[in-house]
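Reproduced below: start04.pdb, with PDB, C-alpha atoms.
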ATOM      1  CA  MET K   1     171.073 -96.461-100.914
ATOM      2  CA  THR K   2     169.094 -96.419 -97.684
ATOM      3  CA  ASP K   3     170.700 -96.083 -94.244
ATOM      4  CA  GLU K   4     169.737 -99.709 -93.602
ATOM      5  CA  ASP K   5     171.480-100.825 -96.806
ATOM      6  CA  GLN K   6     174.597 -98.859 -95.838
ATOM      7  CA  HIS K   7     174.571-100.335 -92.324
ATOM      8  CA  ALA K   8     174.337-103.851 -93.772
ATOM      9  CA  LEU K   9     177.199-103.158 -96.183
ATOM     10  CA  ASP K  10     179.308-101.752 -93.354
ATOM     11  CA  PHE K  11     178.691-104.864 -91.241
ATOM     12  CA  GLU K  12     179.592-107.183 -94.121
ATOM     13  CA  ASN K  13     183.026-105.550 -94.054
ATOM     14  CA  TRP K  14     183.297-105.567 -90.253
ATOM     15  CA  PRO K  15     185.531-105.447 -88.328
ATOM     16  CA  PRO K  16     187.554-102.851 -90.193
ATOM     17  CA  GLY K  17     191.202-103.587 -90.811
ATOM     18  CA  GLU K  18     190.963-107.304 -90.038
ATOM     19  CA  PRO K  19     191.477-109.981 -92.669
ATOM     20  CA  ARG K  20     188.298-111.691 -93.836
ATOM     21  CA  ASP K  21     187.581-114.660 -95.995
ATOM     22  CA  GLU K  22     184.591-115.276 -98.215
ATOM     23  CA  THR K  23     182.825-117.079 -95.367
ATOM     24  CA  ASP K  24     183.218-114.112 -92.979
ATOM     25  CA  ILE K  25     181.598-111.791 -95.507
ATOM     26  CA  GLY K  26     178.886-114.315 -96.392
ATOM     27  CA  LEU K  27     178.007-114.879 -92.735
ATOM     28  CA  ARG K  28     177.750-111.158 -92.074
ATOM     29  CA  ALA K  29     175.642-110.669 -95.196
ATOM     30  CA  TYR K  30     173.361-113.520 -94.088
ATOM     31  CA  ILE K  31     172.913-111.982 -90.646
ATOM     32  CA  THR K  32     172.104-108.518 -92.013
ATOM     33  CA  ARG K  33     169.226-110.047 -93.947
ATOM     34  CA  ILE K  34     167.490-111.533 -90.899
ATOM     35  CA  PRO K  35     164.211-109.603 -90.589
ATOM     36  CA  ALA K  36     164.208-107.101 -87.708
ATOM     37  CA  ASP K  37     161.147-108.644 -86.052
ATOM     38  CA  HIS K  38     162.785-112.082 -86.088
ATOM     39  CA  LEU K  39     166.082-110.654 -84.855
ATOM     40  CA  ALA K  40     164.265-108.989 -81.950
ATOM     41  CA  ARG K  41     163.126-112.410 -80.715
ATOM     42  CA  TYR K  42     166.721-113.698 -80.372
ATOM     43  CA  ASP K  43     167.775-114.498 -76.804
ATOM     44  CA  PRO K  44     171.504-114.890 -76.053
ATOM     45  CA  ALA K  45     170.598-117.143 -73.106
ATOM     46  CA  TRP K  46     169.253-119.804 -75.477
ATOM     47  CA  THR K  47     171.018-123.126 -75.886
ATOM     48  CA  ASP K  48     172.722-123.884 -79.191
ATOM     49  CA  GLU K  49     169.763-126.096 -80.074
ATOM     50  CA  GLN K  50     167.320-123.217 -79.496
ATOM     51  CA  VAL K  51     169.451-120.865 -81.612
ATOM     52  CA  SER K  52     169.548-123.460 -84.378
ATOM     53  CA  GLU K  53     165.756-123.827 -84.254
ATOM     54  CA  TRP K  54     165.264-120.035 -84.167
ATOM     55  CA  ASP K  55     167.463-119.544 -87.232
ATOM     56  CA  GLY K  56     166.188-122.592 -89.088
ATOM     57  CA  ASN K  57     169.166-122.798 -91.442
ATOM     58  CA  PHE K  58     171.542-125.135 -89.610
ATOM     59  CA  LYS K  59     172.294-128.607 -90.903
ATOM     60  CA  SER K  60     171.967-131.680 -88.685
ATOM     61  CA  ASP K  61     175.768-131.720 -88.247
ATOM     62  CA  GLY K  62     175.614-128.242 -86.667
ATOM     63  CA  GLY K  63     176.954-126.161 -89.559
ATOM     64  CA  LEU K  64     175.135-123.162 -91.005
ATOM     65  CA  MET K  65     173.984-123.553 -94.611
ATOM     66  CA  LEU K  66     175.653-120.723 -96.518
ATOM     67  CA  VAL K  67     176.148-120.325-100.245
ATOM     68  CA  CYS K  68     179.742-119.926-101.438
ATOM     69  CA  CYS K  69     181.602-120.499 -98.209
ATOM     70  CA  GLU K  70     185.170-121.653 -97.833
ATOM     71  CA  ARG K  71     184.665-123.200 -94.411
ATOM     72  CA  GLU K  72     181.994-124.378 -92.011
ATOM     73  CA  VAL K  73     180.276-121.850 -89.706
ATOM     74  CA  ASP K  74     179.420-123.432 -86.368
ATOM     75  CA  LEU K  75     176.987-122.189 -83.742
ATOM     76  CA  PRO K  76     179.587-120.430 -81.547
ATOM     77  CA  GLU K  77     180.836-118.367 -84.500
ATOM     78  CA  PHE K  78     177.276-117.645 -85.641
ATOM     79  CA  ARG K  79     176.293-116.476 -82.149
ATOM     80  CA  ARG K  80     179.405-114.298 -81.788
ATOM     81  CA  VAL K  81     178.809-112.518 -85.101
ATOM     82  CA  LEU K  82     175.028-112.292 -84.608
ATOM     83  CA  GLU K  83     175.411-110.740 -81.162
ATOM     84  CA  ALA K  84     178.014-108.281 -82.490
ATOM     85  CA  PHE K  85     175.537-107.243 -85.202
ATOM     86  CA  ILE K  86     172.793-106.765 -82.629
ATOM     87  CA  ARG K  87     175.100-104.585 -80.490
ATOM     88  CA  LEU K  88     176.343-102.556 -83.466
ATOM     89  CA  SER K  89     172.827-102.019 -84.804
ATOM     90  CA  GLY K  90     171.624-100.755 -81.434
ATOM     91  CA  GLY K  91     169.479-103.769 -80.697
ATOM     92  CA  GLY K  92     171.194-104.959 -77.565
TER      93      GLY K  92
END

Kindly return the structure encoded in the file as structure tokens.
Amino acid sequence: MTDEDQHALDFENWPPGEPRDETDIGLRAYITRIPADHLARYDPAWTDEQVSEWDGNFKSDGGLMLVCCEREVDLPEFRRVLEAFIRLSGGG
């Protein structure tokens, strides 16, 4: 397993000691698979519409398209988890 693979696995189980549902893990897994060059273009100052366009995987009703999720992931949750990943991975 590479360091990058281990980092992704660690983030999928983040934050430690807090309860998670299938959607939490799926969202974190999704975020760890965003290519680094694409991730580097993210700007936290963007509007929700700009974030949705940048990601390209949000439905017209504002929810993120995830496989096997128990609940809807909205833009505020996506941004919160994405920005945590960027901080934890040393990108911001």

Give me the residues within 8 Å of segment 71-86 of chain K as an mmCIF file with C-alpha atoms, in the frame of the given file, counting all atoms listed in the file and dropping any in the same chain fewer than 6 places off.
data_model
loop_
_atom_site.group_PDB
_atom_site.id
_atom_site.type_symbol
_atom_site.label_atom_id
_atom_site.label_comp_id
_atom_site.auth_asym_id
_atom_site.auth_seq_id
_atom_site.Cartn_x
_atom_site.Cartn_y
_atom_site.Cartn_z
ATOM 1 C CA PHE K 11 178.691 -104.864 -91.241
ATOM 2 C CA THR K 23 182.825 -117.079 -95.367
ATOM 3 C CA LEU K 27 178.007 -114.879 -92.735
ATOM 4 C CA ARG K 28 177.750 -111.158 -92.074
ATOM 5 C CA ILE K 31 172.913 -111.982 -90.646
ATOM 6 C CA THR K 32 172.104 -108.518 -92.013
ATOM 7 C CA PRO K 44 171.504 -114.890 -76.053
ATOM 8 C CA ASP K 48 172.722 -123.884 -79.191
ATOM 9 C CA VAL K 51 169.451 -120.865 -81.612
ATOM 10 C CA SER K 52 169.548 -123.460 -84.378
ATOM 11 C CA GLY K 62 175.614 -128.242 -86.667
ATOM 12 C CA GLY K 63 176.954 -126.161 -89.559
ATOM 13 C CA LEU K 64 175.135 -123.162 -91.005
ATOM 14 C CA GLY K 92 171.194 -104.959 -77.565
#

(request) Measure the distance from atom CA of His38 of chain K to atom CA of Arg20 of chain K in Å and round it to one decimal. (result)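 Distance reported for this atom pair: 26.7 Å.
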
(request) Would you mind reading off the distance between atom CA of Ile34 of chain K and atom CA of Asp55 of chain K, one decimal, in Å? (result) 8.8 Å

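Counting all atoms listed in the file and comparing K:Lys59, K:Pro19, K:Gly26, K:Trp54, the residue that lies closest to Leu39 of chain K is K:Trp54.
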
(request) Grab the atom CA of Asp21 of chain K to atom CA of Cys69 of chain K distance for me, in Å with one decimal place. (result)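 Going from atom CA of Asp21 of chain K over to atom CA of Cys69 of chain K covers 8.6 Å.
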
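Distance check against Leu66 of chain K using all atoms listed in the file: of K:Leu88, K:Asp24, K:Pro16, K:Asp10, the minimum falls on K:Asp24.
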
Just need the box for segment 53-70 of chain K, edges along x, y and z, holding every atom the file lists for it with 3 Å tacked onto each side, so centre and edge lengths in Å to one decimal, as JSON.
{"center_x": 175.2, "center_y": -125.6, "center_z": -92.8, "size_x": 25.9, "size_y": 18.2, "size_z": 23.3}

Missing atoms in segment 7-38 of chain K: can you complete it with N, CA and C atoms, as a compact mmCIF listing (two decimals), in the frame of the given file?
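Okay, selection-v3.txt is ready:
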# COMPACT_ATOMS: atom_id res chain seq x y z
N HIS K 7 174.21 -99.67 -93.57
CA HIS K 7 174.57 -100.34 -92.32
C HIS K 7 174.90 -101.81 -92.60
N ALA K 8 174.09 -102.46 -93.43
CA ALA K 8 174.34 -103.85 -93.77
C ALA K 8 175.67 -103.99 -94.50
N LEU K 9 175.94 -103.11 -95.44
CA LEU K 9 177.20 -103.16 -96.18
C LEU K 9 178.38 -102.93 -95.24
N ASP K 10 178.25 -102.00 -94.33
CA ASP K 10 179.31 -101.75 -93.35
C ASP K 10 179.57 -103.00 -92.51
N PHE K 11 178.51 -103.68 -92.08
CA PHE K 11 178.69 -104.86 -91.24
C PHE K 11 179.32 -106.01 -92.03
N GLU K 12 178.99 -106.13 -93.30
CA GLU K 12 179.59 -107.18 -94.12
C GLU K 12 181.11 -107.03 -94.17
N ASN K 13 181.59 -105.83 -94.02
CA ASN K 13 183.03 -105.55 -94.05
C ASN K 13 183.61 -105.32 -92.67
N TRP K 14 182.89 -105.72 -91.63
CA TRP K 14 183.30 -105.57 -90.25
C TRP K 14 184.06 -106.80 -89.80
N PRO K 15 184.99 -106.67 -88.91
CA PRO K 15 185.53 -105.45 -88.33
C PRO K 15 186.55 -104.82 -89.27
N PRO K 16 186.64 -103.51 -89.27
CA PRO K 16 187.55 -102.85 -90.19
C PRO K 16 189.01 -103.20 -89.89
N GLY K 17 189.77 -103.35 -90.95
CA GLY K 17 191.20 -103.59 -90.81
C GLY K 17 191.60 -105.01 -90.48
N GLU K 18 190.64 -105.91 -90.32
CA GLU K 18 190.96 -107.30 -90.04
C GLU K 18 190.76 -108.14 -91.29
N PRO K 19 191.64 -109.13 -91.48
CA PRO K 19 191.48 -109.98 -92.67
C PRO K 19 190.18 -110.78 -92.59
N ARG K 20 189.55 -110.95 -93.73
CA ARG K 20 188.30 -111.69 -93.84
C ARG K 20 188.40 -112.66 -95.00
N ASP K 21 187.71 -113.76 -94.86
CA ASP K 21 187.58 -114.66 -96.00
C ASP K 21 186.16 -114.57 -96.53
N GLU K 22 185.91 -115.30 -97.57
CA GLU K 22 184.59 -115.28 -98.22
C GLU K 22 183.49 -115.69 -97.23
N THR K 23 183.80 -116.61 -96.34
CA THR K 23 182.82 -117.08 -95.37
C THR K 23 182.48 -115.99 -94.36
N ASP K 24 183.48 -115.23 -93.90
CA ASP K 24 183.22 -114.11 -92.98
C ASP K 24 182.22 -113.13 -93.59
N ILE K 25 182.47 -112.76 -94.82
CA ILE K 25 181.60 -111.79 -95.51
C ILE K 25 180.21 -112.40 -95.74
N GLY K 26 180.17 -113.65 -96.17
CA GLY K 26 178.89 -114.32 -96.39
C GLY K 26 178.06 -114.44 -95.13
N LEU K 27 178.72 -114.77 -94.01
CA LEU K 27 178.01 -114.88 -92.74
C LEU K 27 177.44 -113.53 -92.33
N ARG K 28 178.22 -112.50 -92.45
CA ARG K 28 177.75 -111.16 -92.07
C ARG K 28 176.61 -110.70 -92.98
N ALA K 29 176.72 -111.01 -94.27
CA ALA K 29 175.64 -110.67 -95.20
C ALA K 29 174.36 -111.43 -94.82
N TYR K 30 174.51 -112.70 -94.50
CA TYR K 30 173.36 -113.52 -94.09
C TYR K 30 172.68 -112.90 -92.87
N ILE K 31 173.47 -112.53 -91.88
CA ILE K 31 172.91 -111.98 -90.65
C ILE K 31 172.21 -110.65 -90.88
N THR K 32 172.75 -109.81 -91.76
CA THR K 32 172.10 -108.52 -92.01
C THR K 32 170.74 -108.68 -92.69
N ARG K 33 170.49 -109.83 -93.25
CA ARG K 33 169.23 -110.05 -93.95
C ARG K 33 168.17 -110.74 -93.08
N ILE K 34 168.50 -110.99 -91.81
CA ILE K 34 167.49 -111.53 -90.90
C ILE K 34 166.49 -110.41 -90.62
N PRO K 35 165.21 -110.66 -90.83
CA PRO K 35 164.21 -109.60 -90.59
C PRO K 35 164.29 -109.07 -89.16
N ALA K 36 164.09 -107.76 -89.01
CA ALA K 36 164.21 -107.10 -87.71
C ALA K 36 163.29 -107.71 -86.66
N ASP K 37 162.07 -108.07 -87.04
CA ASP K 37 161.15 -108.64 -86.05
C ASP K 37 161.63 -110.02 -85.57
N HIS K 38 162.23 -110.78 -86.46
CA HIS K 38 162.78 -112.08 -86.09
C HIS K 38 164.03 -111.89 -85.22
